[in-house]
Every structure is written in C-alpha cells, then in structure tokens.
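Coordinates as given in my_file_29.cif (mmCIF, C-alpha atoms):
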```
data_my_file
loop_
_atom_site.label_atom_id
_atom_site.label_comp_id
_atom_site.auth_asym_id
_atom_site.auth_seq_id
_atom_site.Cartn_x
_atom_site.Cartn_y
_atom_site.Cartn_z
CA MET A 1 0.00 0.00 0.00
CA ASN A 2 1.47 3.38 -1.02
CA VAL A 3 1.64 6.46 1.17
CA GLY A 4 -1.51 8.10 -0.20
CA MET A 5 -3.66 5.05 0.43
CA THR A 6 -2.11 4.58 3.87
CA VAL A 7 -3.03 8.14 4.80
CA LEU A 8 -6.59 7.56 3.60
CA ALA A 9 -6.87 4.30 5.56
CA VAL A 10 -5.61 5.92 8.78
CA ALA A 11 -7.91 8.92 8.33
CA SER A 12 -10.89 6.61 7.77
CA VAL A 13 -10.14 4.69 10.99
CA LEU A 14 -9.92 7.97 12.93
CA VAL A 15 -13.29 9.06 11.58
CA LEU A 16 -14.84 5.68 12.45
CA PHE A 17 -13.67 6.10 16.04
CA GLY A 18 -15.21 9.56 16.24
CA LEU A 19 -11.93 11.46 16.08
CA GLY A 20 -11.50 14.46 13.85
CA GLN A 21 -15.11 15.57 14.25
CA ARG A 22 -14.03 19.15 14.77
CA VAL A 23 -12.08 19.13 11.51
CA LEU A 24 -15.05 17.67 9.62
CA ASP A 25 -17.35 20.30 11.09
CA LYS A 26 -15.02 23.05 9.88
CA MET A 27 -15.04 21.48 6.42
CA HIS A 28 -18.84 21.13 6.39
CA LEU A 29 -18.63 17.34 6.18
CA THR A 30 -20.41 14.64 8.15
CA ASP A 31 -18.69 11.42 9.21
CA ARG A 32 -20.58 9.48 6.56
CA ALA A 33 -19.78 11.96 3.79
CA ALA A 34 -16.10 11.98 4.75
CA LEU A 35 -15.91 8.18 4.69
CA ILE A 36 -17.64 8.04 1.30
CA LEU A 37 -15.28 10.65 -0.16
CA MET A 38 -12.19 8.90 1.19
CA GLY A 39 -13.52 5.63 -0.18
CA ILE A 40 -13.98 7.20 -3.62
CA ILE A 41 -10.43 8.57 -3.52
CA PHE A 42 -9.03 5.24 -2.30
CA PHE A 43 -10.78 2.95 -4.77
CA GLY A 44 -10.82 5.56 -7.52
CA GLY A 45 -7.05 5.51 -7.41
CA LEU A 46 -7.14 1.83 -8.42
CA LEU A 47 -9.32 2.42 -11.47
CA PRO A 48 -7.95 3.09 -14.98
CA ASP A 49 -7.26 6.72 -15.82
CA ILE A 50 -9.55 8.77 -18.02
CA VAL A 51 -7.52 9.72 -21.08
CA LEU A 52 -8.42 12.91 -22.94
CA GLY A 53 -5.90 13.48 -25.70
CA GLN A 54 -2.54 14.16 -24.04
CA VAL A 55 -4.05 14.31 -20.54
CA SER A 56 -4.52 11.29 -18.29
CA ILE A 57 -6.76 11.94 -15.28
CA ASN A 58 -7.03 9.62 -12.29
CA ILE A 59 -10.40 9.45 -10.53
CA GLY A 60 -9.06 9.05 -7.01
CA GLY A 61 -5.97 11.20 -7.36
CA ALA A 62 -7.48 14.13 -9.25
CA LEU A 63 -11.22 14.13 -9.98
CA ALA A 64 -12.43 13.26 -6.47
CA PRO A 65 -10.08 15.66 -4.59
CA VAL A 66 -10.91 18.47 -7.03
CA GLY A 67 -14.59 17.73 -6.50
CA VAL A 68 -14.10 18.15 -2.75
CA CYS A 69 -12.30 21.45 -3.37
CA LEU A 70 -15.18 22.74 -5.50
CA TYR A 71 -17.63 21.75 -2.76
CA LEU A 72 -15.57 23.58 -0.13
CA LEU A 73 -15.34 26.66 -2.33
CA PHE A 74 -19.10 26.59 -2.81
CA ARG A 75 -19.64 26.30 0.96
CA ALA A 76 -17.13 29.04 1.80
CA ASP A 77 -18.39 31.55 4.35
CA THR A 78 -17.23 34.64 2.46
CA ARG A 79 -15.96 35.66 -0.96
CA GLY A 80 -12.73 36.62 0.74
CA GLU A 81 -12.19 33.02 1.78
CA VAL A 82 -12.71 31.89 -1.81
CA PHE A 83 -10.27 34.53 -3.05
CA ARG A 84 -7.61 33.56 -0.48
CA ALA A 85 -8.00 29.87 -1.31
CA LEU A 86 -7.59 30.45 -5.05
CA ILE A 87 -4.65 32.82 -4.64
CA GLY A 88 -3.10 30.42 -2.14
CA SER A 89 -3.53 27.57 -4.62
CA ALA A 90 -1.73 29.54 -7.31
CA LEU A 91 1.12 30.43 -4.95
CA THR A 92 1.37 26.84 -3.74
CA ALA A 93 1.53 25.65 -7.34
CA GLY A 94 4.31 28.14 -8.06
CA ALA A 95 6.30 27.10 -5.00
CA VAL A 96 6.00 23.36 -5.76
CA PHE A 97 6.88 24.03 -9.41
CA LEU A 98 10.04 25.90 -8.40
CA LEU A 99 10.93 23.17 -5.92
CA GLY A 100 10.72 20.64 -8.73
CA ARG A 101 13.13 22.74 -10.79
CA VAL A 102 15.81 22.74 -8.08
CA MET A 103 15.47 19.09 -7.01
CA PRO A 104 18.44 16.96 -8.20
CA ASP A 105 17.82 14.77 -11.25
CA GLU A 106 20.45 12.15 -10.45
CA PRO A 107 18.94 9.18 -8.53
CA GLU A 108 22.08 8.77 -6.38
CA ARG A 109 21.65 12.30 -5.03
CA ILE A 110 18.03 11.78 -4.03
CA ILE A 111 17.69 10.70 -0.39
CA PHE A 112 14.02 9.69 -0.68
CA ASP A 113 11.17 9.85 -3.17
CA PRO A 114 10.80 13.41 -4.52
CA ASN A 115 7.03 12.93 -4.55
CA TYR A 116 7.06 12.97 -0.74
CA VAL A 117 9.09 16.17 -0.79
CA TYR A 118 6.52 17.81 -3.06
CA GLY A 119 3.64 16.54 -0.93
CA ILE A 120 5.15 17.72 2.35
CA ALA A 121 6.24 21.05 0.88
CA GLY A 122 2.82 21.53 -0.69
CA GLY A 123 1.10 20.76 2.61
CA VAL A 124 3.25 23.19 4.61
CA ILE A 125 2.92 25.98 2.05
CA ALA A 126 -0.81 25.39 1.72
CA TYR A 127 -1.21 25.59 5.50
CA LEU A 128 0.65 28.90 5.63
CA LEU A 129 -1.44 30.35 2.80
CA GLY A 130 -4.81 28.73 3.41
CA ARG A 131 -5.52 30.39 6.76
CA SER A 132 -8.23 27.80 7.50
CA ARG A 133 -8.73 24.05 7.35
CA ARG A 134 -10.87 24.37 4.23
CA GLY A 135 -8.47 26.80 2.58
CA ALA A 136 -5.47 24.66 3.47
CA PHE A 137 -6.97 21.57 1.85
CA ILE A 138 -7.91 23.50 -1.29
CA CYS A 139 -4.43 25.01 -1.58
CA GLY A 140 -2.79 21.64 -1.00
CA VAL A 141 -4.78 19.78 -3.65
CA LEU A 142 -5.15 22.46 -6.33
CA GLY A 143 -1.61 23.70 -5.73
CA VAL A 144 0.00 20.33 -6.43
CA LEU A 145 -2.19 19.63 -9.46
CA GLY A 146 -1.53 23.16 -10.70
CA ALA A 147 2.22 22.55 -10.46
CA ASP A 148 1.85 19.42 -12.64
CA ILE A 149 -0.06 21.45 -15.21
CA ALA A 150 2.62 24.16 -15.13
CA VAL A 151 5.31 21.56 -15.82
CA ALA A 152 3.32 20.23 -18.76
CA VAL A 153 2.89 23.74 -20.18
CA MET A 154 6.64 24.39 -19.87
CA ASN A 155 7.40 21.11 -21.63
CA ARG A 156 5.06 21.98 -24.49
CA MET A 157 6.66 25.41 -24.83
CA ASN A 158 10.05 23.69 -25.09
CA GLY A 159 8.75 21.33 -27.77
CA ILE A 160 8.49 18.28 -25.50
CA GLN A 161 5.36 16.28 -26.30
CA GLN A 162 4.71 14.44 -23.05
CA MET A 163 1.54 13.00 -21.56
CA LEU A 164 0.18 14.98 -18.60
CA TYR A 165 -0.72 12.64 -15.73
CA LEU A 166 -3.00 14.18 -13.10
CA GLY A 167 -3.26 12.21 -9.87
CA SER A 168 -1.84 8.97 -11.30
CA ALA A 169 0.53 6.64 -9.43
CA GLY A 170 2.96 8.69 -7.34
CA ALA A 171 1.06 11.88 -8.13
CA MET A 172 -1.84 10.58 -6.04
CA ASP A 173 0.50 10.32 -3.04
CA VAL A 174 1.50 13.95 -3.53
CA VAL A 175 -2.08 15.20 -3.79
CA VAL A 176 -3.37 13.23 -0.79
CA LEU A 177 -0.32 13.93 1.37
CA SER A 178 -0.37 17.63 0.57
CA GLY A 179 -4.10 18.10 1.20
CA PHE A 180 -4.29 16.07 4.41
CA LEU A 181 -1.03 17.44 5.83
CA ALA A 182 -2.24 21.01 5.24
CA VAL A 183 -5.46 20.27 7.16
CA LEU A 184 -3.55 18.54 9.97
CA LEU A 185 -1.18 21.48 10.39
CA SER A 186 -4.10 23.91 10.40
CA GLU A 187 -5.89 21.86 13.07
CA LEU A 188 -2.80 21.62 15.28
CA ALA A 189 -2.04 25.31 14.91
CA GLY A 190 -5.67 26.24 15.61
CA GLU A 191 -5.77 24.05 18.73
CA ILE A 192 -2.51 25.54 20.07
CA LEU A 193 -3.63 29.12 19.45
CA GLU A 194 -7.00 28.47 21.12
CA ARG A 195 -5.32 26.96 24.17
CA ILE A 196 -2.99 29.96 24.40
CA SER A 197 -5.96 32.30 24.06
CA ARG A 198 -7.90 30.50 26.80
CA GLY A 199 -4.85 30.61 29.03
CA LYS A 200 -4.71 34.41 28.76
CA GLU A 201 -8.37 34.93 29.64
CA PRO A 202 -8.92 36.50 33.09
CA VAL A 203 -10.59 34.34 35.71
CA ARG A 204 -14.30 35.12 35.98
CA GLU A 205 -15.38 36.71 39.25
CA GLU A 206 -18.22 34.26 39.86
CA ALA A 207 -15.79 31.38 39.56
CA VAL A 208 -13.83 32.87 42.45
CA LEU A 209 -16.85 33.68 44.56
CA HIS A 210 -18.54 30.34 43.99
CA PRO A 211 -15.81 27.71 43.75
CA ALA A 212 -18.08 24.89 44.98
CA LYS A 213 -21.10 23.54 43.11
CA GLY A 214 -23.92 25.92 43.84
CA GLY A 215 -22.07 27.20 46.88
CA LYS A 216 -21.42 30.75 47.95
CA GLN A 217 -18.38 32.26 49.48
CA LYS A 218 -18.74 32.77 53.20
#
```
Please lay out the structure from this file as structure tokens.
Amino acid sequence: MNVGMTVLAVASVLVLFGLGQRVLDKMHLTDRAALILMGIIFFGGLLPDIVLGQVSINIGGALAPVGVCLYLLFRADTRGEVFRALIGSALTAGAVFLLGRVMPDEPERIIFDPNYVYGIAGGVIAYLLGRSRRGAFICGVLGVLGADIAVAVMNRMNGIQQMLYLGSAGAMDVVVLSGFLAVLLSELAGEILERISRGKEPVREEAVLHPAKGGKQK
C-alpha cells in the first residue's frame, strides 16, 4: 500500500472512532460523507485513468479531490475566503513548481522519493497560505495539481510532447499527502492558538466567589 492510500486508511479509521469531528465540522462534512469521499479517492485511485488526448486523469488522485475542493469553495463563508483559497492555490503551485526545478535529477543524489518532498512542501505551504482548514486543503490539492499542469505547459513550450498525468501513481501520493497534511497542520495550529488564548483569559469573578457547586463564598 502506497503512502496516499495509507493516509486515507488511517484517516478513515480515525473518523470511524469519532476522532477528527471538529475538523469535519469546519469542512462542512459529516462522518458518513467523509468516509464516502475517502472511499472514492481510495478505490478511484485503483481504477484506470480517463484519457483525454494528451491528458490522463485519475479518478481518485485528481477528480475526487478536485470535487471536494469545488464543494468547499461553494460552501465558503465569504468571498474573501474563496479569493484567499484560489490565490493560495496559485502560490502553492508556483512554489511546488520551483521546488521541482531545483530538485536533483540524479537518482544517487536523491535521499528519498521526490514525490514525498513535493507533498510535504505543498502541505506546509498550503497551511501557511490557506488560513483555514478548508483553505489549506484546497491550496494543497489544487496547488499540487496546478504545479503538474505548469510543468506540462513548460514542456510543451520547449517542444516536448509528453503526456500529462494528473493524480496517477505517485502523483496521487503527492495530492493526498499535501491536502491532508495542510489540514492537519491547520488543526494543530488552531488548537494551540486556542489553548494559548484560553490561558490568557482572566478568571471570571463568579468562579472565584462560587468555587463549589452551587455554593457561595462565606
């Protein structure tokens, strides 16, 4: 089982045990909807790609995640959130594209799979730009797919006729890892900031005057 499918399997187990409910609420998803979507991504990744000319699209690695992004954009609270998510996606795509240009081409110089580097980098950048769990997921998914499209455009401009694979094989790992990591970082950061904020709140007077259940200070 590759990394992308492993992440999906772990996330599904967490949802089944009732964990991550807060994240799902922020993303306007129920437990059942989340499990169905992760199932579509998981099993869709095993299905043959949809080939349209020089573009090969994977159902689980591209179509399903993009569908989730469109749903989140439609359910966005404000137009500003939509704008930030789209701009963040473009910036994430640019950053991942540039990272791919500076990564070494020689296999002996590569410590581990570059796809994981792109996925982790995309997730971190998407978290920094997304400013919310929904925005982070959108930036992570659309950013990585956008970087693949940018590479294909550059190749065509240089006269290289190469098939564009969206979400296939290792690309699915990048998309899933980037999107889920961005959401995880946003959740952890949000939890830490909320705990810090609660720690700075002054103690309420009635809590001091009535420390016992229903009791009054004598």
Minimum-distance residue to A:Leu35, chosen among A:Leu70, A:Val23, A:Val153, A:Val15 (using all atoms listed in the file):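 Once distances to A:Leu35 are computed over all atoms listed in the file, the minimum belongs to A:Val15.
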Neighbour residues at most 8 Å from (-1.9, 21.2, -21.4) (all atoms listed in the file) as an MDAnalysis selection string: chainID A and resid 54:55 149 152:153 156 164
d(atom CA of A:Val175, atom CA of A:Gly140) in Å: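 So the two atoms, atom CA of A:Val175 and atom CA of A:Gly140, lie 7.1 Å apart.
Atom pair atom CA of A:Val141 / atom CA of A:Cys69 has a distance of 7.7 Å (rounded to one decimal).
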Residues matched by the PyMOL selection byres ((chain A and resi 96-102) around 8), written as a list in words: Thr92, Ala93, Gly94, Ala95, Met103, Pro104, Tyr118, Ala121, Gly122, Gly143, Val144, Ala147, Asp148, Ala150 and Val151 of chain A
Given only C-alpha atoms as the counted atoms, nearest of A:Ile40, A:Ala136, A:Leu24, A:Ile87 to A:Ala64: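 Residue with the minimum atom-to-atom distance to A:Ala64: A:Ile40.
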Output of the PyMOL selection byres ((chain A and resi 49) around 10), listed as a PyMOL selection string: chain A and resi 44-48+50-52+55-62+165-168
Point (-3.8, 5.1, -1.8), cut-off 9 Å, counting all atoms listed in the file, residues as a PyMOL selection string: chain A and resi 1-9+41-43+45-46+60-61+169+172-173+176
Residue contacts of stretch 178-186 of chain A (7 Å, only C-alpha atoms) excluding same-chain residues fewer than 3 positions away, as a PyMOL selection string: chain A and resi 119-120+122-124+126-127+132-133+136-137+140-141+174-175+189-190
Result set of the PyMOL selection byres ((chain A and resi 80-86) around 8) on the coordinates above, as an MDAnalysis selection string: chainID A and resid 73 76:79 87:90 129:130 135:136 138:139
Around all the atoms of stretch 62-70 of chain A listed in the file, draw an axis-aligned box and extend it by 6 Å on each of the six sides; I want its centre and edge lengths in Å to one decimal, as JSON.
```
{"center_x": -11.3, "center_y": 18.0, "center_z": -6.4, "size_x": 19.7, "size_y": 21.5, "size_z": 19.2}
```
Best match for closeness to A:Gly67 among A:Ile192, A:Met38, A:Met157, A:Leu91, counting only C-alpha atoms: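 Closest candidate: A:Met38.
Atom CA of A:Met27 sits 6.9 Å away from atom CA of A:Leu72.
Across A:Gly39, A:Gly53, A:Leu29, A:Val117, the tightest approach to A:Tyr71 is made by A:Leu29 when counting all atoms listed in the file.
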If you keep N, CA, C and O atoms, can you output stretch 44-78 of chain A as a tab-separated table (two decimals), in the first residue's frame?
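Okay, decode.tsv is ready:
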```tsv
chain	number	residue	atom	x	y	z
A	44	GLY	N	-10.96	4.89	-6.24
A	44	GLY	CA	-10.82	5.56	-7.52
A	44	GLY	C	-9.39	5.57	-8.00
A	44	GLY	O	-9.12	5.56	-9.21
A	45	GLY	N	-8.45	5.55	-7.04
A	45	GLY	CA	-7.05	5.51	-7.41
A	45	GLY	C	-6.63	4.19	-8.04
A	45	GLY	O	-5.59	4.10	-8.69
A	46	LEU	N	-7.45	3.15	-7.85
A	46	LEU	CA	-7.14	1.83	-8.42
A	46	LEU	C	-7.75	1.64	-9.80
A	46	LEU	O	-7.42	0.68	-10.49
A	47	LEU	N	-8.65	2.54	-10.18
A	47	LEU	CA	-9.32	2.42	-11.47
A	47	LEU	C	-8.45	2.98	-12.60
A	47	LEU	O	-7.56	3.80	-12.36
A	48	PRO	N	-8.70	2.54	-13.83
A	48	PRO	CA	-7.95	3.09	-14.98
A	48	PRO	C	-8.18	4.59	-15.13
A	48	PRO	O	-9.25	5.11	-14.81
A	49	ASP	N	-7.15	5.28	-15.61
A	49	ASP	CA	-7.26	6.72	-15.82
A	49	ASP	C	-8.22	7.04	-16.96
A	49	ASP	O	-8.46	6.22	-17.84
A	50	ILE	N	-8.74	8.25	-16.91
A	50	ILE	CA	-9.55	8.77	-18.02
A	50	ILE	C	-8.60	9.56	-18.93
A	50	ILE	O	-8.00	10.55	-18.51
A	51	VAL	N	-8.47	9.11	-20.15
A	51	VAL	CA	-7.52	9.72	-21.08
A	51	VAL	C	-8.26	10.64	-22.04
A	51	VAL	O	-9.20	10.22	-22.74
A	52	LEU	N	-7.85	11.91	-22.05
A	52	LEU	CA	-8.42	12.91	-22.94
A	52	LEU	C	-7.27	13.54	-23.73
A	52	LEU	O	-6.61	14.48	-23.26
A	53	GLY	N	-7.02	12.98	-24.90
A	53	GLY	CA	-5.90	13.48	-25.70
A	53	GLY	C	-4.57	13.20	-25.02
A	53	GLY	O	-4.22	12.06	-24.75
A	54	GLN	N	-3.83	14.27	-24.69
A	54	GLN	CA	-2.54	14.16	-24.04
A	54	GLN	C	-2.63	14.30	-22.52
A	54	GLN	O	-1.62	14.50	-21.86
A	55	VAL	N	-3.85	14.18	-21.99
A	55	VAL	CA	-4.05	14.31	-20.54
A	55	VAL	C	-4.66	13.03	-19.99
A	55	VAL	O	-5.67	12.53	-20.51
A	56	SER	N	-4.03	12.49	-18.96
A	56	SER	CA	-4.52	11.29	-18.29
A	56	SER	C	-4.94	11.66	-16.87
A	56	SER	O	-4.11	12.13	-16.08
A	57	ILE	N	-6.22	11.48	-16.56
A	57	ILE	CA	-6.76	11.94	-15.28
A	57	ILE	C	-7.18	10.74	-14.43
A	57	ILE	O	-7.96	9.89	-14.87
A	58	ASN	N	-6.66	10.69	-13.21
A	58	ASN	CA	-7.03	9.62	-12.29
A	58	ASN	C	-8.23	10.04	-11.44
A	58	ASN	O	-8.29	11.18	-10.97
A	59	ILE	N	-9.18	9.12	-11.27
A	59	ILE	CA	-10.40	9.45	-10.53
A	59	ILE	C	-10.11	9.75	-9.07
A	59	ILE	O	-10.55	10.74	-8.50
A	60	GLY	N	-9.34	8.87	-8.43
A	60	GLY	CA	-9.06	9.05	-7.01
A	60	GLY	C	-8.01	10.10	-6.71
A	60	GLY	O	-8.06	10.76	-5.68
A	61	GLY	N	-7.07	10.26	-7.61
A	61	GLY	CA	-5.97	11.20	-7.36
A	61	GLY	C	-6.20	12.60	-7.86
A	61	GLY	O	-5.47	13.52	-7.49
A	62	ALA	N	-7.24	12.79	-8.70
A	62	ALA	CA	-7.48	14.13	-9.25
A	62	ALA	C	-8.95	14.52	-9.21
A	62	ALA	O	-9.33	15.51	-8.60
A	63	LEU	N	-9.81	13.74	-9.86
A	63	LEU	CA	-11.22	14.13	-9.98
A	63	LEU	C	-11.89	14.25	-8.62
A	63	LEU	O	-12.57	15.25	-8.34
A	64	ALA	N	-11.76	13.23	-7.78
A	64	ALA	CA	-12.43	13.26	-6.47
A	64	ALA	C	-11.90	14.38	-5.58
A	64	ALA	O	-12.70	15.14	-5.00
A	65	PRO	N	-10.57	14.55	-5.42
A	65	PRO	CA	-10.08	15.66	-4.59
A	65	PRO	C	-10.49	17.03	-5.13
A	65	PRO	O	-10.82	17.93	-4.35
A	66	VAL	N	-10.48	17.19	-6.46
A	66	VAL	CA	-10.91	18.47	-7.03
A	66	VAL	C	-12.39	18.70	-6.76
A	66	VAL	O	-12.83	19.83	-6.49
A	67	GLY	N	-13.18	17.62	-6.82
A	67	GLY	CA	-14.59	17.73	-6.50
A	67	GLY	C	-14.82	18.21	-5.07
A	67	GLY	O	-15.69	19.05	-4.82
A	68	VAL	N	-14.01	17.70	-4.15
A	68	VAL	CA	-14.10	18.15	-2.75
A	68	VAL	C	-13.74	19.63	-2.66
A	68	VAL	O	-14.39	20.40	-1.93
A	69	CYS	N	-12.71	20.04	-3.39
A	69	CYS	CA	-12.30	21.45	-3.37
A	69	CYS	C	-13.42	22.35	-3.88
A	69	CYS	O	-13.68	23.42	-3.31
A	70	LEU	N	-14.08	21.94	-4.96
A	70	LEU	CA	-15.18	22.74	-5.50
A	70	LEU	C	-16.31	22.84	-4.49
A	70	LEU	O	-16.94	23.90	-4.33
A	71	TYR	N	-16.59	21.74	-3.79
A	71	TYR	CA	-17.63	21.75	-2.76
A	71	TYR	C	-17.26	22.72	-1.63
A	71	TYR	O	-18.10	23.50	-1.17
A	72	LEU	N	-16.01	22.69	-1.21
A	72	LEU	CA	-15.57	23.58	-0.13
A	72	LEU	C	-15.61	25.04	-0.57
A	72	LEU	O	-15.94	25.92	0.22
A	73	LEU	N	-15.26	25.30	-1.81
A	73	LEU	CA	-15.34	26.66	-2.33
A	73	LEU	C	-16.79	27.14	-2.37
A	73	LEU	O	-17.09	28.30	-2.05
A	74	PHE	N	-17.68	26.25	-2.75
A	74	PHE	CA	-19.10	26.59	-2.81
A	74	PHE	C	-19.66	26.86	-1.41
A	74	PHE	O	-20.53	27.72	-1.25
A	75	ARG	N	-19.15	26.14	-0.40
A	75	ARG	CA	-19.64	26.30	0.96
A	75	ARG	C	-18.84	27.33	1.76
A	75	ARG	O	-19.05	27.46	2.96
A	76	ALA	N	-17.94	28.04	1.11
A	76	ALA	CA	-17.13	29.04	1.80
A	76	ALA	C	-18.02	30.09	2.45
A	76	ALA	O	-19.07	30.45	1.93
A	77	ASP	N	-17.60	30.58	3.60
A	77	ASP	CA	-18.39	31.55	4.35
A	77	ASP	C	-18.42	32.92	3.68
A	77	ASP	O	-19.43	33.63	3.75
A	78	THR	N	-17.31	33.32	3.08
A	78	THR	CA	-17.23	34.64	2.46
A	78	THR	C	-16.51	34.55	1.11
A	78	THR	O	-15.82	33.57	0.82
```
